[in-house]
>>> print(open('my_file.txt').read())   # compact mmCIF, C-alpha atoms
# COMPACT_ATOMS: atom_id res chain seq x y z
CA LEU A 1 163.56 85.44 194.07
CA GLU A 2 163.55 84.21 197.66
CA ARG A 3 165.35 81.02 196.60
CA MET A 4 167.73 82.84 194.26
CA PRO A 5 168.36 86.30 195.74
CA ASP A 6 171.15 87.04 193.23
CA LEU A 7 168.89 86.37 190.26
CA ALA A 8 168.74 89.19 187.71
CA LEU A 9 165.60 89.30 185.55
CA SER A 10 165.39 90.89 182.13
CA THR A 11 162.69 91.01 179.49
CA ASP A 12 161.82 92.36 176.06
CA ILE A 13 158.74 94.56 175.63
CA ILE A 14 157.12 96.01 172.51
CA VAL A 15 154.76 98.92 173.06
CA GLY A 16 151.99 99.77 170.62
CA PHE A 17 151.39 96.49 168.82
CA PRO A 18 148.23 96.88 166.68
CA GLY A 19 145.12 96.53 168.79
CA GLU A 20 146.87 97.31 172.09
CA THR A 21 144.36 99.03 174.38
CA GLU A 22 145.12 101.26 177.34
CA GLN A 23 143.98 98.35 179.50
CA ASP A 24 146.46 96.03 177.75
CA PHE A 25 149.23 98.55 178.24
CA GLN A 26 148.32 99.02 181.91
CA ALA A 27 148.61 95.24 182.36
CA THR A 28 152.13 95.48 180.93
CA LEU A 29 153.01 98.27 183.39
CA ASP A 30 151.56 96.20 186.24
CA CYS A 31 153.72 93.25 185.22
CA VAL A 32 156.85 95.45 185.02
CA ALA A 33 156.07 96.87 188.46
CA GLU A 34 155.40 93.45 190.00
CA PHE A 35 158.46 91.67 188.60
CA ALA A 36 160.80 94.69 188.96
CA TYR A 37 163.05 93.64 186.08
CA ASP A 38 166.74 94.47 186.43
CA SER A 39 166.78 95.36 182.75
CA ALA A 40 164.37 95.48 179.86
CA TYR A 41 164.87 95.82 176.14
CA THR A 42 162.01 98.10 175.20
CA PHE A 43 160.82 99.01 171.73
CA GLN A 44 158.02 100.85 169.99
CA TYR A 45 156.20 98.68 167.47
CA SER A 46 156.90 99.59 163.88
CA PRO A 47 155.13 97.95 160.95
CA ARG A 48 157.22 95.79 158.66
CA TYR A 49 156.18 95.47 155.04
CA GLY A 50 154.86 92.03 154.21
CA THR A 51 154.01 91.00 157.77
CA PRO A 52 150.45 90.25 158.87
CA ALA A 53 150.68 92.82 161.69
CA ALA A 54 151.40 95.61 159.19
CA LEU A 55 148.00 94.93 157.60
CA LEU A 56 145.98 95.08 160.82
CA ALA A 57 143.49 97.94 160.90
CA GLU A 58 144.02 98.79 164.59
CA GLN A 59 147.40 100.54 164.25
CA ILE A 60 148.26 102.65 167.31
CA ALA A 61 148.69 106.39 166.77
CA PRO A 62 152.35 107.43 167.03
CA GLU A 63 151.66 110.00 169.76
CA VAL A 64 149.84 107.37 171.87
CA MET A 65 152.69 104.91 171.37
CA THR A 66 155.30 107.53 172.31
CA GLU A 67 153.42 108.52 175.47
CA ARG A 68 153.02 104.88 176.56
CA PHE A 69 156.65 104.16 175.80
CA ALA A 70 157.73 107.10 177.98
CA ARG A 71 155.69 105.75 180.91
CA LEU A 72 157.19 102.30 180.48
CA VAL A 73 160.76 103.61 180.30
CA GLU A 74 160.25 105.77 183.40
CA LEU A 75 159.00 102.79 185.41
CA GLN A 76 161.69 100.44 184.13
CA ASN A 77 164.48 102.94 184.78
CA ALA A 78 163.29 103.26 188.40
CA ASN A 79 163.28 99.45 188.71
CA ALA A 80 166.79 99.16 187.27
CA LEU A 81 168.21 101.84 189.56
CA LYS A 82 166.59 100.24 192.62
CA ALA A 83 168.00 96.82 191.68
CA ASN A 84 171.44 98.34 191.16
CA GLU A 85 171.29 100.22 194.48
CA GLN A 86 170.87 96.86 196.23
CA ARG A 87 174.25 95.78 194.82
CA VAL A 88 176.21 98.66 196.38
CA GLY A 89 178.74 97.26 198.85
CA GLN A 90 178.70 93.80 197.31
CA THR A 91 181.72 92.22 195.66
CA PHE A 92 181.38 90.38 192.36
CA GLU A 93 183.65 88.33 190.18
CA VAL A 94 183.77 90.25 186.91
CA LEU A 95 184.82 89.18 183.42
CA LEU A 96 186.96 92.08 182.23
CA GLU A 97 186.14 93.50 178.80
CA GLY A 98 188.78 96.25 178.68
CA CYS A 99 188.52 100.03 178.97
CA SER A 100 185.16 101.70 179.35
CA ASP A 101 183.78 103.21 176.14
CA HIS A 102 182.65 106.34 178.00
CA ARG A 103 185.45 106.78 180.54
CA PRO A 104 188.90 105.82 179.23
CA ASP A 105 190.29 106.06 182.80
CA MET A 106 187.88 103.29 183.91
CA PHE A 107 187.73 99.62 183.06
CA THR A 108 184.61 97.65 182.32
CA GLY A 109 183.36 94.14 182.75
CA ARG A 110 180.32 91.99 183.45
CA ALA A 111 179.25 90.10 186.54
CA SER A 112 177.78 86.60 186.15
CA ASP A 113 174.28 88.13 186.15
CA ASN A 114 175.28 90.31 183.14
CA HIS A 115 175.37 93.57 185.12
CA LEU A 116 177.83 96.03 183.60
CA ILE A 117 180.40 97.24 186.14
CA ASN A 118 182.81 100.10 185.43
CA PHE A 119 185.70 100.23 187.88
CA SER A 120 189.01 101.82 188.69
CA ILE A 121 192.36 100.24 189.54
CA SER A 122 194.40 102.27 192.01
CA PRO A 123 198.09 103.05 191.43
CA ARG A 124 198.94 100.79 194.40
CA GLN A 125 197.00 97.91 192.83
CA ARG A 126 198.71 98.51 189.49
CA GLU A 127 202.08 98.26 191.23
CA ALA A 128 201.03 95.00 192.89
CA LEU A 129 200.10 93.65 189.44
CA GLY A 130 203.45 94.79 188.03
CA VAL A 131 201.77 97.03 185.45
CA ALA A 132 202.25 100.51 186.93
CA ALA A 133 203.96 101.77 183.75
CA LEU A 134 201.13 100.79 181.40
CA ASP A 135 198.64 103.40 180.24
CA ASP A 136 194.92 102.65 180.72
CA ARG A 137 194.33 101.46 177.14
CA ALA A 138 197.25 99.04 177.22
CA LEU A 139 196.25 97.75 180.66
CA GLY A 140 192.66 97.27 179.46
CA GLN A 141 193.89 95.21 176.52
CA LEU A 142 196.19 93.17 178.74
CA LEU A 143 193.41 92.38 181.21
CA GLU A 144 190.70 91.63 178.63
CA GLY A 145 189.32 88.16 179.29
CA SER A 146 190.62 88.06 182.87
CA PHE A 147 188.45 87.75 185.97
CA ALA A 148 188.69 90.05 188.97
CA ARG A 149 186.82 90.73 192.18
CA VAL A 150 185.23 94.19 192.08
CA THR A 151 183.35 95.87 194.93
CA VAL A 152 180.40 98.04 193.89
CA THR A 153 180.55 101.60 195.26
CA GLN A 154 177.85 103.35 193.25
CA ALA A 155 174.64 102.50 191.40
CA ARG A 156 173.54 104.04 188.15
CA THR A 157 170.45 103.25 186.10
CA PHE A 158 172.22 101.16 183.47
CA SER A 159 175.46 100.20 185.19
CA LEU A 160 177.39 99.90 188.42
CA VAL A 161 180.60 101.65 189.49
CA GLY A 162 183.17 99.84 191.55
CA GLU A 163 186.72 99.41 192.74
CA TRP A 164 189.09 96.62 191.75
CA GLN A 165 189.95 94.29 194.63
CA GLN A 166 192.04 91.52 193.11
CA LEU A 167 192.75 89.51 190.01
CA THR A 168 191.21 86.04 190.36
CA ARG A 169 192.19 84.56 186.99
CA SER A 170 194.23 86.17 184.27
CA ALA A 171 193.51 85.80 180.60
CA ALA A 172 197.02 84.35 180.25
CA SER A 173 196.18 81.54 182.72
CA ALA A 174 192.96 80.85 180.81
CA VAL A 175 195.00 80.42 177.61
CA ALA A 176 197.41 78.10 179.41
CA GLN A 177 194.54 75.96 180.71
CA THR A 178 192.43 75.79 177.54
CA GLY A 179 194.71 76.70 174.66
CA GLN A 180 192.17 79.40 173.73
CA PRO A 181 192.10 83.09 174.69
CA ALA A 182 189.39 83.87 177.26
CA ASN A 183 187.84 86.40 174.86
CA GLY A 184 187.11 83.64 172.33
CA ASN A 185 189.50 84.97 169.67
CA ASN A 186 191.60 82.20 168.26
CA PRO A 187 194.94 83.61 167.06
CA ALA A 188 195.46 80.67 164.70
>>> encode(input="my_file.txt", output="structure tokens")
Amino acid sequence: LERMPDLALSTDIIVGFPGETEQDFQATLDCVAEFAYDSAYTFQYSPRYGTPAALLAEQIAPEVMTERFARLVELQNANALKANEQRVGQTFEVLLEGCSDHRPDMFTGRASDNHLINFSISPRQREALGVAALDDRALGQLLEGSFARVTVTQARTFSLVGEWQQLTRSAASAVAQTGQPANGNNPA
């Protein structure tokens, strides 16, 4: 991390695999604490018919698995929020994905480290772009596949909130350069 301070680490973790001891689980928590992952895809083990693991005798009791999972999620959520808080005030180039699923008045995109950033575009910035008359949904569709600089103003556990600064590359210019839409959809 010292050589790559902008590195974002993620991992996948399964809790409650047959035979997992409290000591094994504690080692997992220690690893999560030490590496302070930006994000983690966490799951509770569930047996799958026909797999060798489903036949193991040392299945973990559901209540033990649920309790361990809750401890893991609590630790990981704290890690994610702390990592996101360190990004407040920084400006990122963001690949725009369109309107936010949860806030139709916000736009969403991803930084190069895969962090999700929801952001607003002020009326003044819309005027500068020549799109003041467009509603949010239409503007989101127009900007999909474009790149913009966004400054982070707030950290959340699973995302960042920011403010649009400037368009750095429009989806239209990406089509002109490559012959393909930036979102990967080929109209042909």
>>> residues_around(input="my_file.txt", residues="segment 5-20 of chain A", least_positions_apart="2", cutoff="7 Å", atoms="all atoms listed in the file", output="ChimeraX atom specification")
/A:1-3,22,24-25,37-45,53,56,58-60,65,69,113
>>> write_last_selection(input="my_file.txt", atoms="C-alpha atoms", output="PDB file, keeping the file's coordinate frame")
ATOM      1  CA  LEU A   1     163.560  85.440 194.070  1.00  0.00           C
ATOM      2  CA  GLU A   2     163.550  84.210 197.660  1.00  0.00           C
ATOM      3  CA  ARG A   3     165.350  81.020 196.600  1.00  0.00           C
ATOM      4  CA  GLU A  22     145.120 101.260 177.340  1.00  0.00           C
ATOM      5  CA  ASP A  24     146.460  96.030 177.750  1.00  0.00           C
ATOM      6  CA  PHE A  25     149.230  98.550 178.240  1.00  0.00           C
ATOM      7  CA  TYR A  37     163.050  93.640 186.080  1.00  0.00           C
ATOM      8  CA  ASP A  38     166.740  94.470 186.430  1.00  0.00           C
ATOM      9  CA  SER A  39     166.780  95.360 182.750  1.00  0.00           C
ATOM     10  CA  ALA A  40     164.370  95.480 179.860  1.00  0.00           C
ATOM     11  CA  TYR A  41     164.870  95.820 176.140  1.00  0.00           C
ATOM     12  CA  THR A  42     162.010  98.100 175.200  1.00  0.00           C
ATOM     13  CA  PHE A  43     160.820  99.010 171.730  1.00  0.00           C
ATOM     14  CA  GLN A  44     158.020 100.850 169.990  1.00  0.00           C
ATOM     15  CA  TYR A  45     156.200  98.680 167.470  1.00  0.00           C
ATOM     16  CA  ALA A  53     150.680  92.820 161.690  1.00  0.00           C
ATOM     17  CA  LEU A  56     145.980  95.080 160.820  1.00  0.00           C
ATOM     18  CA  GLU A  58     144.020  98.790 164.590  1.00  0.00           C
ATOM     19  CA  GLN A  59     147.400 100.540 164.250  1.00  0.00           C
ATOM     20  CA  ILE A  60     148.260 102.650 167.310  1.00  0.00           C
ATOM     21  CA  MET A  65     152.690 104.910 171.370  1.00  0.00           C
ATOM     22  CA  PHE A  69     156.650 104.160 175.800  1.00  0.00           C
ATOM     23  CA  ASP A 113     174.280  88.130 186.150  1.00  0.00           C
TER      24      ASP A 113
END
>>> atom_distance(input="my_file.txt", atom1="atom CA of Thr66 of chain A", atom2="atom CA of Phe158 of chain A")
21.2 Å
>>> residues_around(input="my_file.txt", residues="Leu167 of chain A", least_positions_apart="6", cutoff="10 Å", atoms="all atoms listed in the file", output="ChimeraX atom specification")
/A:93-94,125,129,143,146-150
>>> atom_distance(input="my_file.txt", atom1="atom CA of Val161 of chain A", atom2="atom CA of Gln141 of chain A")
19.7 Å
>>> axis_aligned_box(input="my_file.txt", around="segment 59-72 of chain A", padding_each_side="8 Å", output="lines of an AutoDock Vina configuration file")
center_x = 152.6
center_y = 105.3
center_z = 172.6
size_x = 26.3
size_y = 25.5
size_z = 32.7
>>> residues_around(input="my_file.txt", residues="Asn84 of chain A", least_positions_apart="2", cutoff="10 Å", atoms="all atoms listed in the file", output="PyMOL selection string")
chain A and resi 38+78-82+86-88+115+152+154-161
>>> decode(input="my_file.txt", residues="segment 140-156 of chain A", atoms="all heavy atoms", output="tab-separated table (two decimals), in the first residue's frame")
chain	number	residue	atom	x	y	z
A	140	GLY	N	-28.78	11.58	-17.87
A	140	GLY	CA	-28.06	10.37	-17.49
A	140	GLY	C	-27.81	9.47	-18.68
A	140	GLY	O	-26.71	8.91	-18.85
A	141	GLN	N	-28.81	9.32	-19.53
A	141	GLN	CA	-28.66	8.49	-20.74
A	141	GLN	C	-27.66	9.11	-21.71
A	141	GLN	O	-26.86	8.41	-22.32
A	141	GLN	CB	-30.01	8.27	-21.41
A	141	GLN	CG	-30.92	7.37	-20.60
A	141	GLN	CD	-32.32	7.28	-21.18
A	141	GLN	OE1	-32.72	8.09	-22.03
A	141	GLN	NE2	-33.09	6.31	-20.72
A	142	LEU	N	-27.71	10.43	-21.84
A	142	LEU	CA	-26.80	11.13	-22.74
A	142	LEU	C	-25.35	10.98	-22.29
A	142	LEU	O	-24.45	10.78	-23.11
A	142	LEU	CB	-27.17	12.62	-22.81
A	142	LEU	CG	-26.24	13.49	-23.66
A	142	LEU	CD1	-26.41	13.17	-25.14
A	142	LEU	CD2	-26.51	14.96	-23.39
A	143	LEU	N	-25.13	11.04	-20.99
A	143	LEU	CA	-23.77	11.01	-20.46
A	143	LEU	C	-23.22	9.60	-20.23
A	143	LEU	O	-22.03	9.44	-19.98
A	143	LEU	CB	-23.71	11.79	-19.14
A	143	LEU	CG	-23.93	13.29	-19.26
A	143	LEU	CD1	-23.99	13.92	-17.87
A	143	LEU	CD2	-22.85	13.94	-20.10
A	144	GLU	N	-24.07	8.59	-20.31
A	144	GLU	CA	-23.62	7.21	-20.08
A	144	GLU	C	-22.44	6.89	-20.99
A	144	GLU	O	-22.46	7.12	-22.19
A	144	GLU	CB	-24.76	6.24	-20.34
A	144	GLU	CG	-24.39	4.80	-20.05
A	144	GLU	CD	-25.54	3.85	-20.30
A	144	GLU	OE1	-26.70	4.28	-20.32
A	144	GLU	OE2	-25.27	2.65	-20.46
A	145	GLY	N	-21.38	6.38	-20.38
A	145	GLY	CA	-20.17	6.03	-21.13
A	145	GLY	C	-19.16	7.15	-21.22
A	145	GLY	O	-18.05	6.95	-21.71
A	146	SER	N	-19.52	8.34	-20.74
A	146	SER	CA	-18.60	9.47	-20.71
A	146	SER	C	-17.72	9.40	-19.47
A	146	SER	O	-18.00	8.64	-18.54
A	146	SER	CB	-19.38	10.79	-20.69
A	146	SER	OG	-20.17	10.93	-21.85
A	147	PHE	N	-16.67	10.21	-19.45
A	147	PHE	CA	-15.81	10.33	-18.28
A	147	PHE	C	-15.87	11.76	-17.77
A	147	PHE	O	-15.92	12.70	-18.57
A	147	PHE	CB	-14.35	10.00	-18.65
A	147	PHE	CG	-14.12	8.54	-18.90
A	147	PHE	CD1	-14.35	7.99	-20.15
A	147	PHE	CD2	-13.67	7.72	-17.87
A	147	PHE	CE1	-14.13	6.65	-20.39
A	147	PHE	CE2	-13.46	6.37	-18.10
A	147	PHE	CZ	-13.68	5.83	-19.36
A	148	ALA	N	-15.88	11.89	-16.45
A	148	ALA	CA	-15.92	13.22	-15.84
A	148	ALA	C	-15.07	13.22	-14.57
A	148	ALA	O	-14.86	12.17	-13.96
A	148	ALA	CB	-17.35	13.61	-15.50
A	149	ARG	N	-14.61	14.39	-14.21
A	149	ARG	CA	-13.90	14.56	-12.94
A	149	ARG	C	-14.96	14.88	-11.89
A	149	ARG	O	-15.78	15.77	-12.08
A	149	ARG	CB	-12.85	15.65	-13.04
A	149	ARG	CG	-11.74	15.24	-14.02
A	149	ARG	CD	-10.59	16.21	-14.09
A	149	ARG	NE	-9.89	16.44	-12.85
A	149	ARG	CZ	-9.03	15.59	-12.26
A	149	ARG	NH1	-8.81	14.41	-12.81
A	149	ARG	NH2	-8.43	15.90	-11.15
A	150	VAL	N	-14.92	14.12	-10.79
A	150	VAL	CA	-15.89	14.27	-9.70
A	150	VAL	C	-15.11	14.38	-8.39
A	150	VAL	O	-14.21	13.58	-8.13
A	150	VAL	CB	-16.86	13.07	-9.65
A	150	VAL	CG1	-17.79	13.16	-8.45
A	150	VAL	CG2	-17.66	12.97	-10.95
A	151	THR	N	-15.45	15.39	-7.59
A	151	THR	CA	-14.81	15.57	-6.29
A	151	THR	C	-15.70	14.96	-5.22
A	151	THR	O	-16.90	15.26	-5.14
A	151	THR	CB	-14.56	17.06	-6.00
A	151	THR	OG1	-13.70	17.58	-7.01
A	151	THR	CG2	-13.92	17.26	-4.63
A	152	VAL	N	-15.12	14.12	-4.38
A	152	VAL	CA	-15.86	13.42	-3.32
A	152	VAL	C	-16.10	14.38	-2.16
A	152	VAL	O	-15.18	15.02	-1.65
A	152	VAL	CB	-15.09	12.17	-2.85
A	152	VAL	CG1	-15.81	11.51	-1.67
A	152	VAL	CG2	-14.92	11.20	-4.00
A	153	THR	N	-17.37	14.46	-1.73
A	153	THR	CA	-17.76	15.35	-0.63
A	153	THR	C	-18.24	14.60	0.60
A	153	THR	O	-18.31	15.17	1.67
A	153	THR	CB	-18.90	16.29	-1.10
A	153	THR	OG1	-20.01	15.49	-1.55
A	153	THR	CG2	-18.42	17.20	-2.23
A	154	GLN	N	-18.57	13.32	0.42
A	154	GLN	CA	-19.13	12.55	1.54
A	154	GLN	C	-18.82	11.07	1.34
A	154	GLN	O	-18.84	10.57	0.22
A	154	GLN	CB	-20.64	12.76	1.61
A	154	GLN	CG	-21.33	12.05	2.75
A	154	GLN	CD	-22.85	12.25	2.71
A	154	GLN	OE1	-23.39	12.94	1.85
A	154	GLN	NE2	-23.53	11.63	3.62
A	155	ALA	N	-18.55	10.40	2.47
A	155	ALA	CA	-18.30	8.96	2.45
A	155	ALA	C	-19.49	8.23	3.04
A	155	ALA	O	-20.05	8.65	4.04
A	155	ALA	CB	-17.04	8.63	3.25
A	156	ARG	N	-19.84	7.13	2.41
A	156	ARG	CA	-20.83	6.20	2.94
A	156	ARG	C	-20.17	4.83	2.99
A	156	ARG	O	-19.09	4.64	2.42
A	156	ARG	CB	-22.07	6.17	2.06
A	156	ARG	CG	-22.80	7.50	2.06
A	156	ARG	CD	-24.11	7.40	1.35
A	156	ARG	NE	-24.83	8.66	1.48
A	156	ARG	CZ	-25.68	9.12	0.61
A	156	ARG	NH1	-25.95	8.42	-0.47
A	156	ARG	NH2	-26.28	10.26	0.81
